[in-house]
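Enquirer: Provided herewith: entry_16.cif, mmCIF, C-alpha atoms and all ligand atoms.
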data_work
#
loop_
_atom_site.label_atom_id
_atom_site.label_comp_id
_atom_site.auth_asym_id
_atom_site.auth_seq_id
_atom_site.Cartn_x
_atom_site.Cartn_y
_atom_site.Cartn_z
CA MET A 23 6.65 -20.94 -1.49
CA ASP A 24 8.69 -22.53 -4.27
CA ALA A 25 10.95 -19.89 -5.85
CA GLN A 26 9.46 -20.44 -9.32
CA THR A 27 5.95 -19.70 -8.02
CA LEU A 28 6.90 -16.21 -6.83
CA PRO A 29 5.01 -13.53 -8.76
CA TYR A 30 8.42 -12.13 -9.83
CA HIS A 31 9.16 -15.33 -11.78
CA ARG A 32 5.60 -15.91 -13.00
CA ILE A 33 5.59 -12.41 -14.51
CA GLY A 34 8.93 -12.92 -16.22
CA GLY A 35 11.54 -11.20 -14.05
CA ASP A 36 13.31 -7.83 -14.34
CA ALA A 37 12.89 -7.28 -18.08
CA VAL A 38 9.13 -7.83 -18.12
CA ILE A 39 8.60 -5.73 -14.97
CA ALA A 40 10.57 -2.86 -16.59
CA ARG A 41 8.34 -3.15 -19.68
CA ILE A 42 5.19 -3.03 -17.53
CA VAL A 43 6.41 0.11 -15.76
CA ASP A 44 7.39 1.79 -19.05
CA ARG A 45 3.97 1.02 -20.49
CA PHE A 46 2.27 2.33 -17.31
CA TYR A 47 4.08 5.70 -17.48
CA ASP A 48 3.64 5.93 -21.28
CA LEU A 49 -0.12 5.49 -20.82
CA MET A 50 -0.18 8.03 -17.99
CA ASP A 51 1.85 10.50 -20.03
CA GLY A 52 -0.02 10.05 -23.30
CA GLU A 53 -3.73 9.58 -22.62
CA PRO A 54 -6.02 12.40 -21.49
CA GLN A 55 -8.01 10.07 -19.22
CA TYR A 56 -4.95 9.95 -16.91
CA ALA A 57 -4.33 13.72 -16.95
CA GLU A 58 -5.19 14.21 -13.28
CA LEU A 59 -2.76 11.48 -12.25
CA ARG A 60 -0.08 12.83 -14.61
CA ALA A 61 -0.46 16.32 -13.15
CA ILE A 62 0.65 15.25 -9.65
CA HIS A 63 3.87 13.71 -11.02
CA ALA A 64 7.09 15.62 -11.74
CA PRO A 65 7.63 16.64 -15.39
CA ASP A 66 10.52 14.16 -15.71
CA LEU A 67 9.18 10.62 -15.20
CA ALA A 68 12.59 8.92 -15.59
CA PRO A 69 13.35 8.75 -11.83
CA MET A 70 9.91 7.26 -11.16
CA ARG A 71 10.30 4.69 -13.95
CA ALA A 72 13.48 3.52 -12.22
CA SER A 73 12.04 3.61 -8.70
CA LEU A 74 8.73 1.87 -9.46
CA THR A 75 10.57 -0.81 -11.47
CA GLY A 76 12.95 -1.43 -8.55
CA PHE A 77 10.12 -1.46 -6.04
CA LEU A 78 8.05 -3.96 -8.02
CA ILE A 79 11.04 -6.25 -8.61
CA ALA A 80 11.64 -6.37 -4.84
CA TRP A 81 8.00 -6.48 -3.73
CA LEU A 82 7.10 -9.26 -6.18
CA GLY A 83 9.87 -11.45 -4.79
CA GLY A 84 12.95 -10.63 -6.89
CA PRO A 85 16.25 -9.00 -5.86
CA GLN A 86 15.66 -6.78 -2.82
CA ASP A 87 17.87 -3.81 -3.85
CA TRP A 88 15.04 -1.22 -3.69
CA PHE A 89 14.57 -2.02 0.03
CA THR A 90 18.24 -2.46 0.94
CA ASP A 91 19.09 0.87 -0.77
CA ARG A 92 16.41 2.59 1.36
CA PRO A 93 16.61 1.23 4.90
CA GLY A 94 13.20 1.46 6.53
CA ALA A 95 11.48 2.50 3.30
CA CYS A 96 7.79 1.82 2.97
CA VAL A 97 5.77 2.45 -0.16
CA MET A 98 2.81 3.69 1.89
CA SER A 99 4.84 6.36 3.67
CA ALA A 100 6.46 7.30 0.31
CA HIS A 101 2.97 8.63 -0.54
CA GLY A 102 2.50 10.45 2.75
CA ASN A 103 2.90 13.88 1.15
CA ILE A 104 1.09 13.01 -2.07
CA ARG A 105 -2.54 13.92 -2.53
CA VAL A 106 -4.06 10.57 -3.51
CA THR A 107 -7.79 10.90 -4.14
CA PRO A 108 -10.28 8.15 -5.08
CA GLU A 109 -10.10 9.45 -8.69
CA THR A 110 -6.29 9.47 -8.97
CA ALA A 111 -6.25 6.02 -7.32
CA ARG A 112 -8.76 4.80 -9.91
CA GLN A 113 -6.61 6.20 -12.74
CA TRP A 114 -3.48 4.55 -11.28
CA LEU A 115 -5.18 1.14 -11.03
CA ASP A 116 -6.67 1.41 -14.52
CA ALA A 117 -3.37 2.32 -16.19
CA MET A 118 -1.52 -0.40 -14.27
CA ALA A 119 -4.10 -3.09 -15.17
CA ARG A 120 -3.76 -2.10 -18.83
CA ALA A 121 0.04 -2.15 -18.59
CA PHE A 122 -0.05 -5.70 -17.19
CA ALA A 123 -2.49 -6.92 -19.86
CA GLU A 124 -0.71 -5.21 -22.76
CA THR A 125 2.66 -6.60 -21.65
CA GLY A 126 1.21 -10.11 -21.88
CA VAL A 127 1.25 -11.02 -18.17
CA GLY A 128 -0.89 -14.12 -17.47
CA PRO A 129 -4.40 -13.30 -16.23
CA ASP A 130 -4.09 -15.32 -12.99
CA VAL A 131 -0.98 -13.59 -11.68
CA ALA A 132 -2.23 -10.23 -13.01
CA ALA A 133 -5.48 -10.65 -11.02
CA MET A 134 -3.62 -11.63 -7.85
CA VAL A 135 -1.23 -8.69 -8.03
CA GLY A 136 -4.07 -6.38 -9.09
CA GLU A 137 -6.00 -7.23 -5.94
CA ALA A 138 -3.00 -6.26 -3.82
CA PHE A 139 -2.62 -2.98 -5.78
CA THR A 140 -6.30 -2.23 -5.17
CA ASN A 141 -5.89 -2.69 -1.43
CA MET A 142 -2.79 -0.45 -1.37
CA ALA A 143 -4.45 2.22 -3.51
CA GLN A 144 -7.53 2.27 -1.28
CA ALA A 145 -5.34 2.71 1.77
CA MET A 146 -3.45 5.59 0.07
CA ALA A 147 -6.61 7.40 -1.06
CA ARG A 148 -7.96 10.07 1.22
CA ARG A 149 -11.40 11.43 0.47
CA ASP A 150 -10.91 14.54 2.53
CA SER A 151 -7.49 15.62 1.18
C1 LIG B 201 -3.22 4.94 -5.53
C2 LIG B 201 -2.82 5.75 -6.48
C3 LIG B 201 -1.40 6.26 -6.55
C4 LIG B 201 -1.05 7.53 -6.84
C5 LIG B 201 -2.02 8.68 -7.15
C6 LIG B 201 0.39 7.61 -6.79
C7 LIG B 201 1.13 8.74 -7.03
C8 LIG B 201 2.49 8.85 -6.90
C9 LIG B 201 3.26 10.06 -7.06
C10 LIG B 201 2.66 11.44 -7.39
C11 LIG B 201 4.55 9.76 -6.86
C12 LIG B 201 5.75 10.76 -6.89
C13 LIG B 201 6.03 11.04 -8.33
C14 LIG B 201 7.02 12.16 -8.57
O1 LIG B 201 7.63 12.68 -7.63
O2 LIG B 201 7.20 12.50 -9.76
C15 LIG B 201 4.63 8.35 -6.58
C16 LIG B 201 5.79 7.66 -6.32
C17 LIG B 201 5.85 6.29 -6.18
N1 LIG B 201 4.80 5.42 -6.17
FE1 LIG B 201 2.85 5.89 -6.30
N2 LIG B 201 0.89 6.38 -6.47
C18 LIG B 201 -0.17 5.52 -6.32
C19 LIG B 201 -0.11 4.18 -6.00
C20 LIG B 201 1.04 3.45 -5.89
C21 LIG B 201 1.09 2.04 -5.63
C22 LIG B 201 -0.13 1.13 -5.41
C23 LIG B 201 2.41 1.71 -5.61
C24 LIG B 201 3.04 0.37 -5.40
C25 LIG B 201 2.58 -0.72 -5.94
C26 LIG B 201 3.18 2.90 -5.86
C27 LIG B 201 4.55 2.99 -5.93
C28 LIG B 201 5.29 4.14 -6.01
C29 LIG B 201 6.73 4.21 -5.92
C30 LIG B 201 7.68 3.04 -5.72
C31 LIG B 201 7.08 5.55 -6.02
C32 LIG B 201 8.50 6.14 -5.98
C33 LIG B 201 8.88 6.47 -4.57
C34 LIG B 201 10.25 7.12 -4.53
O3 LIG B 201 11.16 6.70 -5.23
O4 LIG B 201 10.41 8.06 -3.74
N3 LIG B 201 2.32 3.94 -6.03
N4 LIG B 201 3.37 7.81 -6.60
#
Could you spell out this file's structure in structure tokens?
Expert:
Amino acid sequence: MDAQTLPYHRIGGDAVIARIVDRFYDLMDGEPQYAELRAIHAPDLAPMRASLTGFLIAWLGGPQDWFTDRPGACVMSAHGNIRVTPETARQWLDAMARAFAETGVGPDVAAMVGEAFTNMAQAMARRDS
């Protein structure tokens, strides 16, 4: 894949990804429709803003620091002790789709990344937990 076609570049690099993540956590923190999702997060969202930004930068094809700082890290196992239900997964996907759209990410790359998020969220969700 040509470097400029990586989702990381198509989205706009570090600064735009940080804006998406800030918008995502602001929505989660501020809107009652995400209250259930907010409730399973720590009161201080600052560490998660930094971690999710770093993860997305690396996972979308940018600098790999999030992975090299955490040898063997996997975003699925990072949720191993978190109670992800179909409803909290739905809230996560909804807030993230809005964050992408409101940050001005192009619809094609937003749809492609959104499909991958949906697959990850479905795998994290456990109906019986
Ligand atoms: C499916 C719904 C999801 C729920 C309910 C959920 C929930 C959570 C919670 C509760 C935390 C810990 C927050 C805290 O300690 O304050 C977390 C951390 C994190 N989540 Fe999710 N998550 C979801 C999906 C995803 C997806 C799809 C991704 C990746 C695209 C992701 C990436 C991360 C990252 C990178 C962290 C930080 C891990 C760390 O630094 O230890 N999450 N998530």
Enquirer: List the neighbours of region 34-51 of chain A out to 9 Å using only C-alpha atoms; skip same-chain residues closer than 2 positions along the sequence, and give me the result as an NGL selection string.
Expert: :A and (29-32 or 53-57 or 59-60 or 67 or 70-72 or 74-76 or 78-79 or 84 or 113-114 or 117-125 or 127)
Enquirer: Residues contacting ligand LIG 201 (chain B) - anything with an atom at most 6 Å away, using only C-alpha atoms and all ligand atoms - can you give me those as an MDAnalysis selection string?
Expert: chainID A and resid 59 62:64 70 73:74 77 97 100 104 106 110:111 114 139 142:143 146
Enquirer: Could you please take those selected residues and save C-alpha atoms as a PDB file, in the coordinates of the input?
Expert:
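Dumped to out-v8.pdb:
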ATOM      1  CA  LEU A  59      -2.760  11.480 -12.250  1.00  0.00           C
ATOM      2  CA  ILE A  62       0.650  15.250  -9.650  1.00  0.00           C
ATOM      3  CA  HIS A  63       3.870  13.710 -11.020  1.00  0.00           C
ATOM      4  CA  ALA A  64       7.090  15.620 -11.740  1.00  0.00           C
ATOM      5  CA  MET A  70       9.910   7.260 -11.160  1.00  0.00           C
ATOM      6  CA  SER A  73      12.040   3.610  -8.700  1.00  0.00           C
ATOM      7  CA  LEU A  74       8.730   1.870  -9.460  1.00  0.00           C
ATOM      8  CA  PHE A  77      10.120  -1.460  -6.040  1.00  0.00           C
ATOM      9  CA  VAL A  97       5.770   2.450  -0.160  1.00  0.00           C
ATOM     10  CA  ALA A 100       6.460   7.300   0.310  1.00  0.00           C
ATOM     11  CA  ILE A 104       1.090  13.010  -2.070  1.00  0.00           C
ATOM     12  CA  VAL A 106      -4.060  10.570  -3.510  1.00  0.00           C
ATOM     13  CA  THR A 110      -6.290   9.470  -8.970  1.00  0.00           C
ATOM     14  CA  ALA A 111      -6.250   6.020  -7.320  1.00  0.00           C
ATOM     15  CA  TRP A 114      -3.480   4.550 -11.280  1.00  0.00           C
ATOM     16  CA  PHE A 139      -2.620  -2.980  -5.780  1.00  0.00           C
ATOM     17  CA  MET A 142      -2.790  -0.450  -1.370  1.00  0.00           C
ATOM     18  CA  ALA A 143      -4.450   2.220  -3.510  1.00  0.00           C
ATOM     19  CA  MET A 146      -3.450   5.590   0.070  1.00  0.00           C
TER      20      MET A 146
END
Enquirer: What is the distance, in Å and to one decimal place, between CA of Glu109 (chain A) and CA of Leu82 (chain A)?
Expert: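 Straight-line distance from CA of Glu109 (chain A) to CA of Leu82 (chain A) works out to 25.5 Å.
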Enquirer: For the atom pair CA of Ala61 (chain A) and CA of Ala147 (chain A), what is the interatomic distance in Å to one decimal place?
Expert: 16.2 Å
Enquirer: So what do you get for CA of Phe89 (chain A) versus CA of Ala133 (chain A), distance-wise?
Expert: 24.5 Å
Enquirer: Ranking A:Ile33, A:Leu28, A:Ala80, A:Met98 by minimum distance to Gln144 (chain A) and counting only C-alpha atoms, which one comes first?
Expert: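 Among the listed residues, the smallest separation from Gln144 (chain A) belongs to A:Met98.
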